[in-house]
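**Student:** So I've got this file, final.json, and it contains JSON, C-alpha atoms and all ligand atoms:
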```
[["chain", "number", "residue", "atom", "x", "y", "z"],
["A", 19, "MET", "CA", 5.99, 30.35, -2.10],
["A", 20, "LYS", "CA", 6.56, 29.95, -5.85],
["A", 21, "LYS", "CA", 4.45, 27.44, -7.72],
["A", 22, "VAL", "CA", 5.74, 23.99, -6.81],
["A", 23, "THR", "CA", 6.58, 21.64, -9.68],
["A", 24, "VAL", "CA", 6.03, 17.93, -9.04],
["A", 25, "GLY", "CA", 7.07, 15.01, -11.26],
["A", 26, "ILE", "CA", 5.26, 11.73, -10.69],
["A", 27, "ILE", "CA", 6.94, 8.65, -12.13],
["A", 28, "GLY", "CA", 4.04, 6.26, -12.61],
["A", 29, "GLY", "CA", 1.60, 9.18, -12.60],
["A", 30, "THR", "CA", -0.29, 8.02, -15.69],
["A", 31, "ASN", "CA", -2.31, 5.51, -13.64],
["A", 32, "GLY", "CA", -3.32, 4.27, -10.19],
["A", 33, "MET", "CA", -2.00, 5.99, -7.06],
["A", 34, "GLY", "CA", 0.33, 8.24, -9.05],
["A", 35, "ARG", "CA", -2.62, 9.62, -10.94],
["A", 36, "TRP", "CA", -4.53, 10.06, -7.66],
["A", 37, "LEU", "CA", -1.65, 12.21, -6.30],
["A", 38, "ALA", "CA", -1.34, 14.09, -9.60],
["A", 39, "ASP", "CA", -5.02, 15.09, -9.43],
["A", 40, "LEU", "CA", -4.74, 16.11, -5.77],
["A", 41, "LEU", "CA", -1.62, 18.25, -6.27],
["A", 42, "THR", "CA", -2.97, 19.84, -9.47],
["A", 43, "GLU", "CA", -6.07, 20.89, -7.50],
["A", 44, "GLN", "CA", -3.71, 22.37, -4.89],
["A", 45, "GLY", "CA", -2.10, 24.62, -7.52],
["A", 46, "CYS", "CA", 1.07, 22.63, -8.28],
["A", 47, "THR", "CA", 2.42, 22.12, -11.78],
["A", 48, "VAL", "CA", 2.40, 18.34, -12.17],
["A", 49, "HIS", "CA", 4.27, 16.30, -14.78],
["A", 50, "VAL", "CA", 3.44, 12.60, -15.03],
["A", 51, "THR", "CA", 5.60, 9.92, -16.59],
["A", 52, "GLY", "CA", 5.08, 6.28, -17.49],
["A", 53, "ARG", "CA", 6.90, 3.85, -19.73],
["A", 54, "LYS", "CA", 5.39, 5.38, -22.87],
["A", 55, "THR", "CA", 5.42, 9.09, -22.07],
["A", 56, "ARG", "CA", 7.82, 11.37, -23.92],
["A", 57, "MET", "CA", 9.06, 12.80, -20.61],
["A", 58, "THR", "CA", 11.16, 10.25, -18.71],
["A", 59, "GLY", "CA", 11.63, 9.96, -14.97],
["A", 60, "VAL", "CA", 15.13, 11.43, -15.28],
["A", 61, "ASP", "CA", 13.71, 14.40, -17.28],
["A", 62, "ALA", "CA", 11.19, 14.98, -14.47],
["A", 63, "ALA", "CA", 13.94, 14.71, -11.85],
["A", 64, "ARG", "CA", 15.89, 17.46, -13.60],
["A", 65, "ILE", "CA", 13.07, 20.02, -13.66],
["A", 66, "CYS", "CA", 10.84, 19.28, -10.63],
["A", 67, "ASP", "CA", 11.03, 20.39, -7.00],
["A", 68, "VAL", "CA", 9.47, 17.14, -5.81],
["A", 69, "VAL", "CA", 9.88, 13.78, -7.58],
["A", 70, "VAL", "CA", 7.50, 10.99, -6.62],
["A", 71, "VAL", "CA", 7.98, 7.29, -7.45],
["A", 72, "SER", "CA", 4.68, 5.43, -7.83],
["A", 73, "VAL", "CA", 5.42, 2.40, -9.99],
["A", 74, "PRO", "CA", 4.62, -1.30, -9.31],
["A", 75, "ILE", "CA", 6.55, -2.66, -6.31],
["A", 76, "SER", "CA", 8.68, -4.93, -8.51],
["A", 77, "ALA", "CA", 9.89, -1.90, -10.55],
["A", 78, "THR", "CA", 10.41, 0.47, -7.60],
["A", 79, "ALA", "CA", 14.04, -0.34, -6.69],
["A", 80, "GLY", "CA", 15.19, 0.00, -10.32],
["A", 81, "VAL", "CA", 13.38, 3.31, -10.82],
["A", 82, "ILE", "CA", 14.80, 4.77, -7.57],
["A", 83, "ALA", "CA", 18.32, 3.70, -8.59],
["A", 84, "ASP", "CA", 17.90, 5.32, -12.06],
["A", 85, "VAL", "CA", 16.26, 8.53, -10.98],
["A", 86, "GLY", "CA", 17.65, 9.10, -7.46],
["A", 87, "PRO", "CA", 21.07, 10.48, -8.50],
["A", 88, "HIS", "CA", 19.33, 13.17, -10.60],
["A", 89, "VAL", "CA", 17.30, 14.48, -7.64],
["A", 90, "LYS", "CA", 19.64, 16.94, -5.92],
["A", 91, "LYS", "CA", 19.91, 18.84, -2.64],
["A", 92, "GLY", "CA", 17.03, 21.31, -2.35],
["A", 93, "GLN", "CA", 14.67, 18.92, -4.16],
["A", 94, "ALA", "CA", 12.71, 16.03, -2.64],
["A", 95, "LEU", "CA", 12.44, 12.38, -3.56],
["A", 96, "MET", "CA", 9.26, 10.69, -2.35],
["A", 97, "ASP", "CA", 7.50, 7.36, -2.97],
["A", 98, "LEU", "CA", 4.00, 5.93, -2.56],
["A", 99, "THR", "CA", 5.04, 2.28, -2.18],
["A", 100, "SER", "CA", 2.92, 0.00, 0.02],
["A", 101, "LEU", "CA", 6.14, -1.10, 1.76],
["A", 102, "LYS", "CA", 8.43, 1.44, 3.37],
["A", 103, "LYS", "CA", 11.69, -0.04, 4.73],
["A", 104, "ASP", "CA", 13.41, -0.90, 1.44],
["A", 105, "PRO", "CA", 12.16, 2.04, -0.68],
["A", 106, "VAL", "CA", 13.09, 4.65, 1.96],
["A", 107, "ALA", "CA", 16.53, 3.08, 2.44],
["A", 108, "LEU", "CA", 17.05, 3.02, -1.34],
["A", 109, "MET", "CA", 15.97, 6.66, -1.75],
["A", 110, "LEU", "CA", 18.46, 7.69, 0.98],
["A", 111, "GLN", "CA", 21.17, 5.59, -0.69],
["A", 112, "HIS", "CA", 20.67, 6.81, -4.26],
["A", 113, "SER", "CA", 19.90, 10.50, -3.74],
["A", 114, "GLU", "CA", 21.26, 13.43, -1.76],
["A", 115, "ALA", "CA", 17.86, 15.14, -1.86],
["A", 116, "GLU", "CA", 15.31, 15.39, 0.93],
["A", 117, "VAL", "CA", 13.51, 12.03, 1.25],
["A", 118, "VAL", "CA", 9.89, 11.36, 2.19],
["A", 119, "GLY", "CA", 8.32, 7.91, 2.41],
["A", 120, "CYS", "CA", 4.57, 7.93, 1.91],
["A", 121, "HIS", "CA", 1.90, 5.21, 1.92],
["A", 122, "PRO", "CA", -1.72, 6.19, 1.33],
["A", 123, "LEU", "CA", -3.79, 3.50, 3.08],
["A", 124, "PHE", "CA", -6.42, 3.32, 0.34],
["A", 125, "GLY", "CA", -6.72, 2.72, -3.38],
["A", 126, "PRO", "CA", -6.73, 5.17, -6.29],
["A", 127, "SER", "CA", -10.52, 5.44, -6.51],
["A", 128, "VAL", "CA", -10.72, 7.38, -3.22],
["A", 129, "THR", "CA", -11.71, 11.00, -3.83],
["A", 130, "GLU", "CA", -13.31, 11.80, -0.45],
["A", 131, "PRO", "CA", -10.43, 12.23, 2.05],
["A", 132, "SER", "CA", -12.49, 12.07, 5.22],
["A", 133, "GLY", "CA", -11.77, 8.90, 7.22],
["A", 134, "HIS", "CA", -8.74, 7.92, 5.13],
["A", 135, "ASN", "CA", -5.19, 7.60, 6.49],
["A", 136, "ILE", "CA", -1.81, 8.37, 4.96],
["A", 137, "VAL", "CA", 1.44, 7.19, 6.57],
["A", 138, "LEU", "CA", 4.44, 9.49, 6.21],
["A", 139, "CYS", "CA", 7.97, 8.34, 7.04],
["A", 140, "PRO", "CA", 10.45, 11.21, 7.39],
["A", 141, "GLY", "CA", 13.63, 10.21, 5.57],
["A", 142, "ARG", "CA", 15.91, 13.23, 5.24],
["A", 143, "GLY", "CA", 15.20, 16.97, 5.65],
["A", 144, "ASP", "CA", 12.00, 18.68, 6.72],
["A", 145, "VAL", "CA", 11.14, 21.42, 4.19],
["A", 146, "TRP", "CA", 9.33, 19.18, 1.71],
["A", 147, "TYR", "CA", 8.11, 16.81, 4.44],
["A", 148, "THR", "CA", 6.33, 19.74, 6.12],
["A", 149, "TRP", "CA", 4.96, 20.89, 2.75],
["A", 150, "ILE", "CA", 3.40, 17.53, 1.75],
["A", 151, "LYS", "CA", 2.11, 16.86, 5.29],
["A", 152, "ALA", "CA", 0.35, 20.24, 5.28],
["A", 153, "ILE", "CA", -1.28, 19.48, 1.90],
["A", 154, "PHE", "CA", -2.60, 16.10, 3.03],
["A", 155, "GLU", "CA", -3.94, 17.56, 6.29],
["A", 156, "LYS", "CA", -5.44, 20.61, 4.60],
["A", 157, "THR", "CA", -7.31, 18.40, 2.13],
["A", 158, "GLY", "CA", -8.79, 16.30, 4.96],
["A", 159, "TYR", "CA", -6.63, 13.18, 5.15],
["A", 160, "THR", "CA", -5.38, 11.86, 8.50],
["A", 161, "VAL", "CA", -1.59, 11.75, 8.53],
["A", 162, "LEU", "CA", 0.27, 9.20, 10.68],
["A", 163, "GLU", "CA", 3.98, 9.78, 11.17],
["A", 164, "ARG", "CA", 5.90, 6.52, 11.64],
["A", 165, "THR", "CA", 9.31, 5.01, 10.94],
["A", 166, "PRO", "CA", 9.53, 2.65, 7.94],
["A", 167, "GLY", "CA", 9.99, -0.30, 10.33],
["A", 168, "GLU", "CA", 6.91, 0.63, 12.39],
["A", 169, "HIS", "CA", 4.90, 0.99, 9.18],
["A", 170, "ASP", "CA", 5.98, -2.37, 7.75],
["A", 171, "ARG", "CA", 5.29, -4.18, 11.05],
["A", 172, "MET", "CA", 1.74, -2.80, 11.19],
["A", 173, "MET", "CA", 1.23, -3.76, 7.55],
["A", 174, "THR", "CA", 1.89, -7.39, 8.49],
["A", 175, "ILE", "CA", -1.56, -7.29, 10.09],
["A", 176, "VAL", "CA", -3.45, -4.78, 7.95],
["A", 177, "GLN", "CA", -2.19, -6.09, 4.62],
["A", 178, "VAL", "CA", -0.12, -9.31, 4.86],
["A", 179, "LEU", "CA", -2.42, -11.27, 7.20],
["A", 180, "ASN", "CA", -5.56, -9.72, 5.77],
["A", 181, "HIS", "CA", -4.76, -10.42, 2.11],
["A", 182, "LEU", "CA", -3.24, -13.83, 2.93],
["A", 183, "ASN", "CA", -6.55, -14.81, 4.48],
["A", 184, "THR", "CA", -8.46, -13.63, 1.39],
["A", 185, "ILE", "CA", -6.08, -15.49, -0.92],
["A", 186, "ALA", "CA", -6.43, -18.67, 1.17],
["A", 187, "LEU", "CA", -10.23, -18.39, 1.00],
["A", 188, "GLY", "CA", -10.28, -17.93, -2.78],
["A", 189, "MET", "CA", -7.77, -20.71, -3.45],
["A", 190, "ALA", "CA", -9.56, -23.12, -1.10],
["A", 191, "ILE", "CA", -12.92, -22.47, -2.79],
["A", 192, "ALA", "CA", -11.29, -22.97, -6.21],
["A", 193, "GLU", "CA", -9.77, -26.27, -4.98],
["A", 194, "THR", "CA", -13.19, -27.67, -4.06],
["A", 195, "GLY", "CA", -13.96, -27.60, -7.80],
["A", 196, "THR", "CA", -17.53, -26.44, -7.15],
["A", 197, "PRO", "CA", -18.52, -23.85, -9.78],
["A", 198, "LEU", "CA", -19.08, -20.44, -8.15],
["A", 199, "SER", "CA", -22.28, -20.05, -10.19],
["A", 200, "GLU", "CA", -23.71, -22.97, -8.18],
["A", 201, "VAL", "CA", -22.30, -21.77, -4.84],
["A", 202, "ASN", "CA", -23.76, -18.31, -5.46],
["A", 203, "GLN", "CA", -27.31, -19.73, -5.53],
["A", 204, "PHE", "CA", -26.80, -20.50, -1.82],
["A", 205, "SER", "CA", -24.97, -17.28, -0.97],
["A", 206, "THR", "CA", -25.49, -15.28, 2.21],
["A", 207, "PRO", "CA", -24.84, -11.52, 2.63],
["A", 208, "ILE", "CA", -21.52, -12.21, 4.42],
["A", 209, "PHE", "CA", -20.42, -14.67, 1.72],
["A", 210, "ARG", "CA", -21.29, -12.18, -1.04],
["A", 211, "ALA", "CA", -19.35, -9.42, 0.73],
["A", 212, "LYS", "CA", -16.31, -11.70, 1.14],
["A", 213, "MET", "CA", -16.45, -12.90, -2.48],
["A", 214, "ASP", "CA", -16.48, -9.29, -3.67],
["A", 215, "ILE", "CA", -13.15, -8.87, -1.84],
["A", 216, "VAL", "CA", -11.81, -12.19, -3.21],
["A", 217, "LYS", "CA", -12.73, -11.07, -6.75],
["A", 218, "LYS", "CA", -11.01, -7.68, -6.30],
["A", 219, "ILE", "CA", -7.80, -9.23, -4.94],
["A", 220, "PHE", "CA", -7.62, -12.06, -7.50],
["A", 221, "THR", "CA", -8.58, -10.14, -10.63],
["A", 222, "GLU", "CA", -7.80, -6.43, -10.29],
["A", 223, "ALA", "CA", -4.13, -6.40, -9.25],
["A", 224, "PRO", "CA", -2.88, -9.85, -8.11],
["A", 225, "GLU", "CA", 0.72, -8.68, -8.59],
["A", 226, "LEU", "CA", 0.26, -5.84, -6.08],
["A", 227, "TYR", "CA", -1.07, -8.15, -3.35],
["A", 228, "ALA", "CA", 1.52, -10.88, -4.02],
["A", 229, "ASP", "CA", 4.31, -8.28, -3.80],
["A", 230, "ILE", "CA", 2.87, -6.68, -0.64],
["A", 231, "ILE", "CA", 3.03, -10.13, 1.03],
["A", 232, "ALA", "CA", 6.34, -11.26, -0.45],
["A", 233, "GLY", "CA", 8.14, -7.94, 0.10],
["A", 234, "ASN", "CA", 7.33, -7.30, 3.77],
["A", 235, "PRO", "CA", 10.42, -8.03, 5.90],
["A", 236, "ASP", "CA", 8.22, -9.54, 8.66],
["A", 237, "THR", "CA", 6.09, -11.78, 6.42],
["A", 238, "LYS", "CA", 7.84, -15.01, 7.51],
["A", 239, "ASP", "CA", 6.71, -14.53, 11.14],
["A", 240, "VAL", "CA", 3.13, -13.82, 10.08],
["A", 241, "LEU", "CA", 3.01, -16.87, 7.79],
["A", 242, "GLN", "CA", 4.16, -19.03, 10.72],
["A", 243, "THR", "CA", 1.50, -17.51, 13.00],
["A", 244, "TYR", "CA", -1.19, -18.11, 10.38],
["A", 245, "GLU", "CA", -0.11, -21.72, 9.85],
["A", 246, "ARG", "CA", 0.01, -22.30, 13.63],
["A", 247, "VAL", "CA", -3.49, -20.86, 14.10],
["A", 248, "VAL", "CA", -4.98, -23.01, 11.30],
["A", 249, "GLY", "CA", -3.33, -26.07, 12.91],
["A", 250, "LYS", "CA", -4.75, -25.06, 16.31],
["A", 251, "ILE", "CA", -8.28, -24.71, 14.89],
["A", 252, "ILE", "CA", -7.99, -28.17, 13.32],
["A", 253, "SER", "CA", -6.92, -29.70, 16.65],
["A", 254, "LEU", "CA", -9.66, -27.85, 18.58],
["A", 255, "LEU", "CA", -12.22, -29.43, 16.23],
["A", 256, "ALA", "CA", -10.74, -32.92, 16.56],
["A", 257, "GLY", "CA", -13.24, -33.89, 19.28],
["A", 258, "GLY", "CA", -16.08, -33.54, 16.79],
["A", 259, "ASP", "CA", -17.93, -30.67, 18.48],
["A", 260, "GLY", "CA", -17.43, -26.90, 18.47],
["A", 261, "SER", "CA", -17.13, -26.23, 22.22],
["A", 262, "ARG", "CA", -13.31, -25.91, 22.34],
["A", 263, "LEU", "CA", -13.24, -23.69, 19.26],
["A", 264, "LYS", "CA", -15.97, -21.49, 20.77],
["A", 265, "GLU", "CA", -13.89, -21.10, 23.97],
["A", 266, "ALA", "CA", -10.79, -20.17, 21.94],
["A", 267, "MET", "CA", -12.82, -17.60, 19.99],
["A", 268, "GLU", "CA", -14.16, -16.10, 23.24],
["A", 269, "THR", "CA", -10.60, -15.83, 24.62],
["A", 270, "ALA", "CA", -9.42, -14.14, 21.40],
["A", 271, "ALA", "CA", -12.43, -11.79, 21.43],
["A", 272, "LYS", "CA", -11.48, -10.60, 24.94],
["A", 273, "LYS", "CA", -8.04, -9.65, 23.59],
["A", 274, "LEU", "CA", -9.42, -8.04, 20.43],
["A", 275, "PHE", "CA", -12.52, -6.08, 21.37],
["B", 301, "LIG", "N1", -3.33, 0.36, -5.82],
["B", 301, "LIG", "C1", -3.39, 0.55, -4.54],
["B", 301, "LIG", "O1", -4.43, 0.26, -3.89],
["B", 301, "LIG", "C2", -2.23, 1.16, -3.81],
["B", 301, "LIG", "C3", -2.46, 1.80, -2.58],
["B", 301, "LIG", "C4", -1.38, 2.41, -1.92],
["B", 301, "LIG", "C5", -0.12, 2.36, -2.47],
["B", 301, "LIG", "N2", 0.09, 1.71, -3.66],
["B", 301, "LIG", "C6", 1.44, 1.71, -4.21],
["B", 301, "LIG", "O2", 1.45, 2.59, -5.32],
["B", 301, "LIG", "C7", 2.44, 2.17, -6.26],
["B", 301, "LIG", "C8", 1.82, 2.06, -7.63],
["B", 301, "LIG", "O3", 0.80, 1.10, -7.59],
["B", 301, "LIG", "P1", -0.52, 1.27, -8.46],
["B", 301, "LIG", "O4", -1.51, 0.30, -7.91],
["B", 301, "LIG", "O5", -0.89, 2.71, -8.58],
["B", 301, "LIG", "O6", 0.03, 0.74, -9.87],
["B", 301, "LIG", "P2", -0.59, 0.89, -11.33],
["B", 301, "LIG", "O7", -2.02, 1.30, -11.26],
["B", 301, "LIG", "O8", -0.21, -0.33, -12.06],
["B", 301, "LIG", "O9", 0.22, 2.14, -11.93],
["B", 301, "LIG", "C9", 1.60, 2.02, -12.10],
["B", 301, "LIG", "C10", 2.12, 3.26, -12.81],
["B", 301, "LIG", "O10", 3.50, 3.06, -13.02],
["B", 301, "LIG", "C11", 3.83, 3.16, -14.40],
["B", 301, "LIG", "N3", 4.89, 2.19, -14.62],
["B", 301, "LIG", "C12", 4.83, 0.83, -14.58],
["B", 301, "LIG", "N4", 6.06, 0.30, -14.70],
["B", 301, "LIG", "C13", 6.91, 1.36, -14.83],
["B", 301, "LIG", "C14", 8.31, 1.47, -15.01],
["B", 301, "LIG", "N5", 9.10, 0.39, -15.07],
["B", 301, "LIG", "N6", 8.84, 2.72, -15.11],
["B", 301, "LIG", "C15", 8.07, 3.82, -15.04],
["B", 301, "LIG", "N7", 6.71, 3.78, -14.86],
["B", 301, "LIG", "C16", 6.17, 2.56, -14.77],
["B", 301, "LIG", "C17", 2.53, 2.87, -15.12],
["B", 301, "LIG", "O11", 2.49, 3.56, -16.35],
["B", 301, "LIG", "P3", 2.67, 2.81, -17.77],
["B", 301, "LIG", "O12", 1.93, 1.50, -17.67],
["B", 301, "LIG", "O13", 2.09, 3.81, -18.70],
["B", 301, "LIG", "O14", 4.14, 2.62, -17.91],
["B", 301, "LIG", "C18", 1.51, 3.50, -14.18],
["B", 301, "LIG", "O15", 1.42, 4.89, -14.38],
["B", 301, "LIG", "C19", 2.99, 0.82, -5.75],
["B", 301, "LIG", "O16", 4.20, 1.04, -5.09],
["B", 301, "LIG", "C20", 1.93, 0.38, -4.74],
["B", 301, "LIG", "O17", 2.51, -0.41, -3.71],
["B", 301, "LIG", "C21", -0.93, 1.13, -4.34]]
```
The structure in this file should be written as structure tokens.

**Tutor:**
Amino acid sequence: MKKVTVGIIGGTNGMGRWLADLLTEQGCTVHVTGRKTRMTGVDAARICDVVVVSVPISATAGVIADVGPHVKKGQALMDLTSLKKDPVALMLQHSEAEVVGCHPLFGPSVTEPSGHNIVLCPGRGDVWYTWIKAIFEKTGYTVLERTPGEHDRMMTIVQVLNHLNTIALGMAIAETGTPLSEVNQFSTPIFRAKMDIVKKIFTEAPELYADIIAGNPDTKDVLQTYERVVGKIISLLAGGDGSRLKEAMETAAKKLF
């Protein structure tokens, strides 16, 4: 096979850069674009076999609409977005190329593939889908093949509920008004571990987590479940002792573990 040329829109940073490094190591010629690079996304679409969109969620639809029409039959259009339903539908709508939805279930700092999962959603065609799947598997990642809808539904637990819980914890602690420097003097190992996660979510990329929650088509259901469960916990504690909450936790544990 001739040397594959890949253009990564949003490849100057984050997940795009992660993929650029991986594919360069695999012998591909990789071009990266960002808002300040001389090469634009449309330039990359004109010269690359595979064009990957890896920009912030809020910019993804616009970039796909701009670039998609320039990615033609025989090429592939792929994305790394944390949500899959809308981006895959938009790629199919705006391009006649092969389409691959991809969501690496880890952040850009991961360099050791073992134990890390990547979801692939076949969109259109199988030449480039087979090619990228083989690269991920060869390098040691675990590939899960799912539809965009299946992916987004599972992300309501792994990301929406999970990050919602972290955001609620951080905002509730902030609302108490107690300085964290004081709280930290009383910290336990579990508290420290949780606050490390709160700090990451609140300070490193709050936009990413807000958009992951806001953009999931099933978020409304999960928000209602979360609200219902918090209400249930409050009512279980109304008697003033923990016995009813303990029983509810034991029932949930039987379902979970
Ligand atoms: N971070 C994660 O943990 C993670 C994990 C899995 C999937 N994802 C997904 O990966 C995608 C990128 O997220 P990220 O965290 O890697 O973001 P990021 O670190 O902020 O990087 C975004 C990249 O997009 C470029 N960019 C921003 N706006 C652009 C625009 N309007 N047009 C063209 N390029 C633009 C940026 O370059 P310039 O600033 O130079 O323009 C940069 O290269 C998102 O869809 C996200 O859902 C993220």

**Student:** Produce as number ranges by chain the set of residues near ligand LIG 301 (chain B), where near means within 10 Å with all atoms listed in the file considered.

**Tutor:** A: 26-37, 50-55, 58-59, 71-82, 84, 97-102, 105, 120-128, 136, 222-223, 225-227, 229-230

**Student:** Between A:Leu95, A:Ala266, A:Ala256, A:Leu179, which one has atoms that come closest to Leu241 in chain A, using all atoms listed in the file?

**Tutor:**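 Among A:Leu95, A:Ala266, A:Ala256, A:Leu179, it is A:Leu179 that comes nearest to Leu241 in chain A.
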
**Student:** Separation of CA of Ala63 in chain A and CA of Val106 in chain A, in Å?

**Tutor:**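 These atoms are spaced 17.1 Å apart.
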
**Student:** Of the residues A:Ile208, A:Met213, A:Val145, A:Ala228, which is the one nearest to His181 in chain A, using all atoms listed in the file?

**Tutor:**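 Selected residue with least distance to His181 in chain A: A:Ala228.
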
**Student:** Distance CA of Met172 in chain A-CA of Val216 in chain A, one decimal place?

**Tutor:**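 Computed distance, CA of Met172 in chain A to CA of Val216 in chain A, equals 21.9 Å.
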
**Student:** Pick out the residues sitting within 6 Å of Val24 in chain A, and hand them over as a PyMOL selection string; count all atoms listed in the file, and ignore anything fewer than 2 positions along from it in its own chain.

**Tutor:** chain A and resi 48+66-69

**Student:** So that I can check the surroundings of Asn180 in chain A, please list as a list in words every protein, DNA and RNA residue that reaches within 12 Å of it, counting only C-alpha atoms and ignoring chain neighbours fewer than 5 positions away.

**Tutor:**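 The neighbour list is Met172, Met173, Thr174, Ile175, Ile185, Ala186, Leu187, Lys212, Ile215, Val216, Ile219, Tyr227, Ile230, Ile231, Thr237, Val240, Leu241 and Tyr244 of chain A.
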
**Student:** Ranking A:Asn135, A:Thr269, A:Ser253, A:Thr221 by minimum distance to Gly188 in chain A and counting all atoms listed in the file, which one comes first?

**Tutor:**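 Under the stated criterion, the closest residue is A:Thr221.
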
**Student:** Because the input lacks atoms here, generate N, CA, C and O atoms for range 168-184 of chain A and report them as a PDB file, in the frame of the given file.

**Tutor:**
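Result file is out-v8.pdb:
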```pdb
ATOM      1  N   GLU A 168       8.229   0.651  11.707  1.00  0.00           N
ATOM      2  CA  GLU A 168       6.910   0.630  12.390  1.00  0.00           C
ATOM      3  C   GLU A 168       5.798   0.428  11.365  1.00  0.00           C
ATOM      4  O   GLU A 168       4.854  -0.326  11.592  1.00  0.00           O
ATOM      5  N   HIS A 169       5.903   1.136  10.235  1.00  0.00           N
ATOM      6  CA  HIS A 169       4.900   0.990   9.180  1.00  0.00           C
ATOM      7  C   HIS A 169       4.831  -0.460   8.685  1.00  0.00           C
ATOM      8  O   HIS A 169       3.762  -1.066   8.615  1.00  0.00           O
ATOM      9  N   ASP A 170       5.987  -1.021   8.346  1.00  0.00           N
ATOM     10  CA  ASP A 170       5.980  -2.370   7.750  1.00  0.00           C
ATOM     11  C   ASP A 170       5.461  -3.403   8.744  1.00  0.00           C
ATOM     12  O   ASP A 170       4.756  -4.345   8.359  1.00  0.00           O
ATOM     13  N   ARG A 171       5.794  -3.225  10.039  1.00  0.00           N
ATOM     14  CA  ARG A 171       5.290  -4.180  11.050  1.00  0.00           C
ATOM     15  C   ARG A 171       3.774  -4.121  11.142  1.00  0.00           C
ATOM     16  O   ARG A 171       3.101  -5.137  11.212  1.00  0.00           O
ATOM     17  N   MET A 172       3.205  -2.915  11.110  1.00  0.00           N
ATOM     18  CA  MET A 172       1.740  -2.800  11.190  1.00  0.00           C
ATOM     19  C   MET A 172       1.086  -3.360   9.924  1.00  0.00           C
ATOM     20  O   MET A 172       0.003  -3.944   9.989  1.00  0.00           O
ATOM     21  N   MET A 173       1.776  -3.221   8.802  1.00  0.00           N
ATOM     22  CA  MET A 173       1.230  -3.760   7.550  1.00  0.00           C
ATOM     23  C   MET A 173       1.218  -5.292   7.526  1.00  0.00           C
ATOM     24  O   MET A 173       0.517  -5.895   6.722  1.00  0.00           O
ATOM     25  N   THR A 174       1.976  -5.925   8.446  1.00  0.00           N
ATOM     26  CA  THR A 174       1.890  -7.390   8.490  1.00  0.00           C
ATOM     27  C   THR A 174       0.495  -7.819   8.922  1.00  0.00           C
ATOM     28  O   THR A 174       0.041  -8.894   8.555  1.00  0.00           O
ATOM     29  N   ILE A 175      -0.188  -6.956   9.680  1.00  0.00           N
ATOM     30  CA  ILE A 175      -1.560  -7.290  10.090  1.00  0.00           C
ATOM     31  C   ILE A 175      -2.563  -6.758   9.059  1.00  0.00           C
ATOM     32  O   ILE A 175      -3.396  -7.494   8.535  1.00  0.00           O
ATOM     33  N   VAL A 176      -2.436  -5.440   8.775  1.00  0.00           N
ATOM     34  CA  VAL A 176      -3.450  -4.780   7.950  1.00  0.00           C
ATOM     35  C   VAL A 176      -3.428  -5.305   6.506  1.00  0.00           C
ATOM     36  O   VAL A 176      -4.469  -5.389   5.852  1.00  0.00           O
ATOM     37  N   GLN A 177      -2.256  -5.638   6.011  1.00  0.00           N
ATOM     38  CA  GLN A 177      -2.190  -6.090   4.620  1.00  0.00           C
ATOM     39  C   GLN A 177      -1.773  -7.559   4.495  1.00  0.00           C
ATOM     40  O   GLN A 177      -2.494  -8.329   3.878  1.00  0.00           O
ATOM     41  N   VAL A 178      -0.616  -7.950   5.099  1.00  0.00           N
ATOM     42  CA  VAL A 178      -0.120  -9.310   4.860  1.00  0.00           C
ATOM     43  C   VAL A 178      -1.138 -10.353   5.337  1.00  0.00           C
ATOM     44  O   VAL A 178      -1.614 -11.190   4.557  1.00  0.00           O
ATOM     45  N   LEU A 179      -1.502 -10.278   6.630  1.00  0.00           N
ATOM     46  CA  LEU A 179      -2.420 -11.270   7.200  1.00  0.00           C
ATOM     47  C   LEU A 179      -3.796 -11.183   6.537  1.00  0.00           C
ATOM     48  O   LEU A 179      -4.416 -12.201   6.194  1.00  0.00           O
ATOM     49  N   ASN A 180      -4.248  -9.979   6.359  1.00  0.00           N
ATOM     50  CA  ASN A 180      -5.560  -9.720   5.770  1.00  0.00           C
ATOM     51  C   ASN A 180      -5.659 -10.293   4.340  1.00  0.00           C
ATOM     52  O   ASN A 180      -6.567 -11.070   4.015  1.00  0.00           O
ATOM     53  N   HIS A 181      -4.697  -9.948   3.490  1.00  0.00           N
ATOM     54  CA  HIS A 181      -4.760 -10.420   2.110  1.00  0.00           C
ATOM     55  C   HIS A 181      -4.447 -11.918   2.015  1.00  0.00           C
ATOM     56  O   HIS A 181      -5.013 -12.627   1.175  1.00  0.00           O
ATOM     57  N   LEU A 182      -3.553 -12.397   2.902  1.00  0.00           N
ATOM     58  CA  LEU A 182      -3.240 -13.830   2.930  1.00  0.00           C
ATOM     59  C   LEU A 182      -4.519 -14.635   3.193  1.00  0.00           C
ATOM     60  O   LEU A 182      -4.790 -15.653   2.536  1.00  0.00           O
ATOM     61  N   ASN A 183      -5.311 -14.140   4.131  1.00  0.00           N
ATOM     62  CA  ASN A 183      -6.550 -14.810   4.480  1.00  0.00           C
ATOM     63  C   ASN A 183      -7.517 -14.830   3.296  1.00  0.00           C
ATOM     64  O   ASN A 183      -8.165 -15.839   3.000  1.00  0.00           O
ATOM     65  N   THR A 184      -7.587 -13.715   2.575  1.00  0.00           N
ATOM     66  CA  THR A 184      -8.460 -13.630   1.390  1.00  0.00           C
ATOM     67  C   THR A 184      -7.968 -14.583   0.305  1.00  0.00           C
ATOM     68  O   THR A 184      -8.769 -15.274  -0.352  1.00  0.00           O
TER      69      THR A 184
END
```
